[in-house]
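> Data file model.txt (compact mmCIF, C-alpha atoms (C1' of nucleotides)) is appended below.
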# COMPACT_ATOMS: atom_id res chain seq x y z
CA MET M 1 150.37 -14.23 112.87
CA LEU M 2 151.14 -13.04 109.33
CA ILE M 3 153.83 -10.39 108.86
CA ALA M 4 154.88 -8.88 105.55
CA THR M 5 157.16 -6.34 103.92
CA TRP M 6 156.55 -4.36 100.75
CA ASN M 7 158.36 -1.56 98.95
CA VAL M 8 155.30 0.19 97.52
CA ASN M 9 157.13 2.90 95.52
CA SER M 10 154.81 5.70 96.69
CA LEU M 11 151.99 5.00 99.09
CA ARG M 12 149.70 7.64 97.61
CA ALA M 13 150.06 6.23 94.12
CA ARG M 14 149.49 2.73 95.50
CA ALA M 15 146.74 3.44 98.06
CA ASP M 16 144.03 1.36 96.39
CA ARG M 17 146.41 -1.51 95.76
CA VAL M 18 147.62 -1.51 99.35
CA GLU M 19 144.08 -1.44 100.73
CA ASP M 20 142.97 -4.29 98.46
CA TRP M 21 146.09 -6.24 99.39
CA LEU M 22 145.54 -5.86 103.15
CA ARG M 23 141.94 -7.08 102.80
CA ARG M 24 142.91 -9.96 100.54
CA THR M 25 145.87 -11.26 102.54
CA ASP M 26 144.56 -10.50 106.04
CA ALA M 27 148.14 -9.61 107.09
CA ASP M 28 148.60 -8.63 110.74
CA VAL M 29 151.70 -6.51 110.21
CA LEU M 30 152.94 -4.73 107.09
CA ALA M 31 156.36 -3.07 106.94
CA ILE M 32 156.29 -0.50 104.14
CA GLN M 33 159.17 1.12 102.29
CA GLU M 34 159.24 4.09 99.92
CA THR M 35 156.11 5.82 101.14
CA LYS M 36 157.54 8.84 99.29
CA CYS M 37 155.67 11.36 101.43
CA LYS M 38 155.80 13.36 104.64
CA ASP M 39 153.29 12.95 107.45
CA ASP M 40 151.07 15.69 105.99
CA ASN M 41 150.45 13.60 102.89
CA PHE M 42 150.30 10.19 104.56
CA PRO M 43 147.03 8.27 104.01
CA TRP M 44 146.32 7.61 107.70
CA GLU M 45 142.66 6.75 107.05
CA LEU M 46 143.57 3.94 104.69
CA PHE M 47 144.96 1.99 107.64
CA GLU M 48 142.65 3.19 110.39
CA MET M 49 139.53 2.36 108.37
CA ASN M 50 140.80 -1.19 107.99
CA GLY M 51 141.63 -1.76 111.64
CA TYR M 52 145.37 -1.05 111.58
CA GLU M 53 147.45 1.23 113.73
CA VAL M 54 150.23 2.83 111.71
CA ALA M 55 153.48 4.66 112.38
CA HIS M 56 155.29 6.60 109.67
CA PHE M 57 158.69 8.20 109.22
CA GLY M 58 158.92 10.49 106.21
CA VAL M 59 160.37 13.97 105.80
CA ASN M 60 160.05 14.72 102.08
CA GLN M 61 159.22 13.02 98.79
CA TRP M 62 162.10 10.56 99.04
CA ASN M 63 162.37 7.27 100.90
CA GLY M 64 159.90 7.04 103.82
CA VAL M 65 159.11 3.94 105.89
CA ALA M 66 156.08 2.84 107.87
CA ILE M 67 154.68 -0.03 109.92
CA ALA M 68 150.99 -0.93 109.99
CA SER M 69 149.77 -3.39 112.61
CA ARG M 70 146.58 -4.72 114.08
CA VAL M 71 148.37 -6.67 116.82
CA GLY M 72 149.72 -3.65 118.66
CA LEU M 73 152.23 -0.94 117.75
CA ASP M 74 154.40 -0.06 120.72
CA ASP M 75 157.71 1.67 121.37
CA VAL M 76 158.00 3.25 117.94
CA GLU M 77 161.58 4.17 117.06
CA ARG M 78 162.70 6.29 114.10
CA THR M 79 166.24 5.67 112.81
CA PHE M 80 168.57 3.22 114.56
CA ALA M 81 171.30 4.43 116.89
CA ASP M 82 174.20 6.09 115.07
CA GLN M 83 172.44 5.68 111.71
CA PRO M 84 174.78 7.33 109.19
CA ALA M 85 173.61 10.60 107.72
CA PHE M 86 173.96 11.46 104.05
CA GLY M 87 174.11 14.68 102.10
CA LYS M 88 174.90 14.75 98.42
CA GLY M 89 178.24 16.37 97.80
CA GLY M 90 178.76 16.38 101.55
CA LYS M 91 176.33 19.20 102.31
CA ASP M 92 173.38 19.24 104.71
CA PRO M 93 173.69 15.59 105.70
CA ILE M 94 170.53 14.18 107.29
CA GLN M 95 169.53 10.84 108.76
CA GLU M 96 167.24 9.80 105.94
CA PRO M 97 163.87 8.18 106.75
CA ARG M 98 164.96 4.61 106.01
CA ALA M 99 164.35 2.81 109.30
CA ILE M 100 161.40 2.61 111.69
CA ALA M 101 160.69 0.05 114.39
CA ALA M 102 157.73 -0.96 116.49
CA THR M 103 156.82 -3.88 118.72
CA CYS M 104 153.87 -5.71 117.20
CA GLY M 105 152.42 -8.78 118.89
CA GLY M 106 155.67 -9.39 120.75
CA VAL M 107 157.87 -9.04 117.67
CA ARG M 108 160.30 -6.15 117.28
CA VAL M 109 159.63 -5.21 113.66
CA TRP M 110 162.03 -3.05 111.66
CA SER M 111 160.94 -1.63 108.31
CA LEU M 112 164.17 -0.96 106.44
CA TYR M 113 164.95 0.78 103.17
CA VAL M 114 168.66 0.20 102.59
CA PRO M 115 170.33 2.95 100.52
CA ASN M 116 170.86 2.23 96.83
CA GLY M 117 174.56 2.34 96.03
CA ARG M 118 173.89 3.73 92.52
CA ALA M 119 177.26 2.59 91.17
CA ARG M 120 180.24 0.76 92.57
CA GLU M 121 182.37 3.93 92.74
CA ASP M 122 179.54 6.33 93.58
CA GLU M 123 179.55 8.23 96.87
CA HIS M 124 176.30 6.45 97.72
CA MET M 125 178.13 3.11 97.93
CA PRO M 126 180.22 3.80 101.05
CA TYR M 127 177.08 5.32 102.57
CA LYS M 128 175.20 2.09 101.86
CA LEU M 129 177.96 -0.08 103.31
CA SER M 130 178.43 1.95 106.49
CA TRP M 131 174.65 2.14 106.93
CA LEU M 132 174.47 -1.67 106.85
CA ASP M 133 177.53 -2.12 109.05
CA THR M 134 176.12 0.21 111.69
CA LEU M 135 172.74 -1.52 111.63
CA ASN M 136 174.41 -4.92 112.00
CA ARG M 137 176.39 -3.71 115.01
CA GLN M 138 173.19 -2.45 116.63
CA ALA M 139 171.38 -5.71 115.84
CA ALA M 140 174.25 -7.69 117.36
CA GLY M 141 173.86 -5.59 120.48
CA TRP M 142 170.13 -6.32 120.69
CA LEU M 143 170.81 -10.05 120.49
CA ALA M 144 173.63 -9.84 123.05
CA GLU M 145 171.26 -8.04 125.39
CA ASN M 146 168.54 -10.65 124.93
CA PRO M 147 169.34 -13.84 122.98
CA ASP M 148 165.62 -14.74 123.03
CA ALA M 149 164.52 -11.48 121.42
CA GLN M 150 162.08 -11.83 118.55
CA ILE M 151 163.34 -9.39 115.95
CA ALA M 152 162.35 -9.07 112.29
CA LEU M 153 164.67 -7.02 110.05
CA MET M 154 162.48 -6.66 107.01
CA GLY M 155 162.53 -4.54 103.94
CA ASP M 156 164.28 -3.62 100.72
CA TRP M 157 167.95 -4.48 101.20
CA ASN M 158 169.04 -3.49 97.69
CA ILE M 159 171.38 -6.50 97.65
CA ALA M 160 171.17 -9.78 95.72
CA PRO M 161 173.17 -12.06 98.04
CA GLN M 162 173.46 -15.04 95.70
CA ASP M 163 174.08 -15.43 91.98
CA ASP M 164 170.63 -16.99 91.52
CA ASP M 165 169.09 -13.84 92.98
CA VAL M 166 169.48 -12.05 89.64
CA TRP M 167 168.29 -13.26 86.24
CA ASP M 168 171.74 -13.24 84.67
CA ILE M 169 174.76 -12.94 86.95
CA ASP M 170 177.10 -12.62 83.95
CA TYR M 171 175.28 -9.46 82.87
CA PHE M 172 175.78 -7.94 86.32
CA VAL M 173 179.43 -8.95 86.54
CA GLU M 174 180.37 -7.83 83.02
CA ASN M 175 178.74 -4.44 83.51
CA GLU M 176 180.08 -4.07 87.05
CA LEU M 177 176.58 -3.40 88.37
CA THR M 178 175.64 -2.92 91.99
CA HIS M 179 173.62 -5.25 94.27
CA VAL M 180 175.93 -8.21 93.55
CA SER M 181 179.34 -6.77 94.40
CA GLU M 182 181.54 -8.47 96.96
CA PRO M 183 181.38 -5.63 99.55
CA GLU M 184 177.59 -5.46 99.32
CA ARG M 185 177.23 -9.21 99.72
CA ALA M 186 179.67 -9.17 102.64
CA ALA M 187 177.57 -6.47 104.31
CA PHE M 188 174.48 -8.66 103.95
CA ASP M 189 176.21 -11.87 105.03
CA ALA M 190 177.43 -10.10 108.17
CA PHE M 191 173.85 -10.17 109.45
CA LEU M 192 173.80 -13.95 109.00
CA ASP M 193 177.08 -14.15 110.92
CA THR M 194 175.40 -12.16 113.69
CA GLY M 195 172.77 -14.89 113.90
CA PHE M 196 169.93 -13.59 111.77
CA VAL M 197 168.21 -16.01 109.41
CA ASP M 198 166.72 -15.48 105.95
CA VAL M 199 163.41 -17.16 106.74
CA VAL M 200 161.87 -16.69 103.29
CA ARG M 201 164.37 -18.43 101.01
CA PRO M 202 163.77 -21.97 102.37
CA HIS M 203 160.08 -21.61 101.49
CA THR M 204 160.70 -19.94 98.12
CA PRO M 205 163.70 -21.69 96.57
CA GLY M 206 165.23 -20.35 93.35
CA PRO M 207 166.50 -20.02 90.75
CA GLY M 208 164.15 -17.61 89.04
CA VAL M 209 162.46 -16.42 92.22
CA TYR M 210 162.53 -12.66 92.63
CA THR M 211 160.95 -9.80 94.58
CA TYR M 212 161.72 -6.90 92.23
CA TRP M 213 161.47 -6.29 88.50
CA ASP M 214 162.56 -3.03 86.86
CA TYR M 215 159.71 -1.14 85.18
CA THR M 216 161.84 -0.76 82.05
CA LYS M 217 162.95 -3.26 79.43
CA LEU M 218 159.94 -5.53 79.94
CA ARG M 219 161.74 -7.08 82.87
CA PHE M 220 158.62 -8.51 84.51
CA PRO M 221 157.08 -10.34 81.53
CA LYS M 222 160.56 -11.60 80.64
CA ARG M 223 160.93 -12.85 84.20
CA GLU M 224 164.13 -10.84 84.62
CA GLY M 225 164.03 -9.82 88.26
CA MET M 226 166.08 -9.64 91.43
CA ARG M 227 165.62 -11.01 94.92
CA ILE M 228 166.45 -7.99 97.06
CA ASP M 229 163.63 -7.87 99.64
CA PHE M 230 164.26 -10.00 102.71
CA VAL M 231 163.00 -10.87 106.14
CA LEU M 232 165.91 -11.61 108.45
CA ALA M 233 164.71 -13.12 111.71
CA SER M 234 166.49 -13.42 115.03
CA PRO M 235 167.02 -17.06 116.11
CA ALA M 236 164.02 -17.05 118.46
CA LEU M 237 161.75 -15.61 115.78
CA ALA M 238 163.10 -17.93 113.08
CA GLU M 239 161.95 -20.91 115.16
CA ARG M 240 158.37 -19.65 114.90
CA VAL M 241 158.28 -19.42 111.10
CA THR M 242 155.90 -21.93 109.53
CA GLY M 243 155.80 -20.56 105.99
CA ALA M 244 156.73 -17.73 103.65
CA SER M 245 155.83 -16.52 100.19
CA ILE M 246 156.45 -13.83 97.58
CA ASP M 247 153.25 -12.33 96.17
CA ARG M 248 154.34 -12.20 92.52
CA GLU M 249 150.71 -11.65 91.43
CA GLU M 250 150.82 -8.20 93.03
CA ARG M 251 153.48 -7.13 90.51
CA LYS M 252 151.02 -7.68 87.65
CA GLY M 253 148.78 -5.18 85.94
CA LYS M 254 148.54 -1.41 85.70
CA GLY M 255 149.59 0.54 88.76
CA ALA M 256 151.80 -2.12 90.35
CA SER M 257 154.84 -1.32 92.46
CA ASP M 258 158.11 -2.57 91.02
CA HIS M 259 158.46 -4.72 94.17
CA ALA M 260 156.31 -7.67 95.24
CA PRO M 261 155.21 -8.12 98.87
CA VAL M 262 157.05 -10.77 100.91
CA LEU M 263 155.04 -12.61 103.57
CA VAL M 264 156.05 -14.68 106.59
CA GLU M 265 153.70 -16.85 108.65
CA LEU M 266 154.47 -17.26 112.35
CA GLY M 267 153.14 -20.13 114.43
C1' DA H 268 169.19 -2.47 71.04
C1' DT H 269 169.74 -6.73 77.42
C1' DG H 270 165.21 -0.66 74.48
C1' DG H 271 160.71 -0.27 76.14
C1' DT H 272 158.83 3.11 83.03
C1' DG H 273 157.24 5.14 86.66
C1' DG H 274 157.49 7.90 91.13
C1' DT H 275 158.11 12.68 93.06
C1' DA H 276 158.42 19.67 95.30
C1' DC H 277 156.77 19.64 87.35
C1' DA H 278 162.06 19.64 86.70
C1' DA H 279 165.31 17.14 87.54
C1' DC H 280 166.32 13.53 90.27
C1' DC H 281 165.58 8.85 91.88
C1' DA H 282 165.28 3.72 91.24
Using the file provided, produce a representation of the structure as structure tokens.

Amino acid sequence: MLIATWNVNSLRARADRVEDWLRRTDADVLAIQETKCKDDNFPWELFEMNGYEVAHFGVNQWNGVAIASRVGLDDVERTFADQPAFGKGGKDPIQEPRAIAATCGGVRVWSLYVPNGRAREDEHMPYKLSWLDTLNRQAAGWLAENPDAQIALMGDWNIAPQDDDVWDIDYFVENELTHVSEPERAAFDAFLDTGFVDVVRPHTPGPGVYTYWDYTKLRFPKREGMRIDFVLASPALAERVTGASIDREERKGKGASDHAPVLVELG
DNA sequence: ATGGTGGTACAACCA
């Protein structure tokens, strides 16, 4: 079984790319982030015509997550328990559409779009950190309930956990940029402490291996990217992993997302 | 010059 995650940066703008990609890779499950639409605008036919069931969680033009599967799509869940809400300036806080789950072929798949902290002192940063902390607590509970659970926490984590996960760590440190700060890395590492495993890194060793390249500043041709998209597997699922890859080719050409798909093969 | 883009309620906001 082949499972994958991909921040598409608008599903409508990327519909042809996504369809071509599904046909080319023959993926069984695709966790999607940044659909950037509500249900009314969601391209349901794209998936149905290609043999996939799909579940979507989107409320406006921001964020939005989905799971497409052709190995079953059961017990769909939107948001995780106690998921922190956010409202800019403290008004009208909502639980943003950043997490959706479904059971696909026996695997509990979560498509996650972790909030961007914007800046180290921005109000989005504590939101990001509490969002991750709450998710980790829930995930710990799932494992405590069933140590053999096959769970995939996959998506755009907006964190570069190691120095090699950005093209120039000195640039990030000197400019006090996000994604590499100590609190963000601690929030990511907490999932590893819980027992989850980054199952992609062993098959795609760095340095210089990334999943995201900013559209600006010629970042992609200059190979200046960041590894911020991850598949964290529960122990039982990690044992099944036989391979993983980052589809850097998909970042090429006109009309590409700024993120590359990340794929995991299960035996 | 570590700038250059690209997505979305088309106008600012988001990454």
> Here is a test: counting only C-alpha atoms (C1' of nucleotides), which residue of M:Asn63, M:Thr178, M:Thr216, M:Gln150 is nearest to H:DG270?
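Going through M:Asn63, M:Thr178, M:Thr216, M:Gln150 one by one, the smallest distance to H:DG270 is for M:Thr216.
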> Output the contact residues of chain H with respect to chain M at a cut-off of 9 Å, based on only C-alpha atoms (C1' of nucleotides), as a PyMOL selection string.
chain H and resi 269-276+281-282
> In Å, how far is it from atom CA of M:Pro93 to atom CA of M:Leu135?
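Interatomic distance here is 18.1 Å.
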> Given only C-alpha atoms as the basis, pick out the residue of M:Leu22, M:Val107, M:Met154, M:Ile169 nearest to M:Glu250.
M:Leu22
> Stretch 238-252 of chain M, all listed atoms, 4 Å padding on each side: what axis-aligned box centre and edge lengths in Å to one decimal come out, as JSON?

{"center_x": 156.9, "center_y": -14.5, "center_z": 101.4, "size_x": 20.4, "size_y": 22.8, "size_z": 35.5}
> Calculate how many Å separate atom CA of M:Asp75 from atom CA of M:Glu53, rounding to one decimal.
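Between atom CA of M:Asp75 and atom CA of M:Glu53 the gap is 12.8 Å.
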> Can you work out the spacing between atom CA of M:Leu129 and atom CA of M:Ala152 in Å, to one decimal?
20.1 Å
> Restricting the calculation to only C-alpha atoms, which member of M:Gln83, M:Ser111, M:Ser69, M:Thr211 is positioned closest to M:Val29?
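Looking only at the distances to M:Val29, the closest residue turns out to be M:Ser69.
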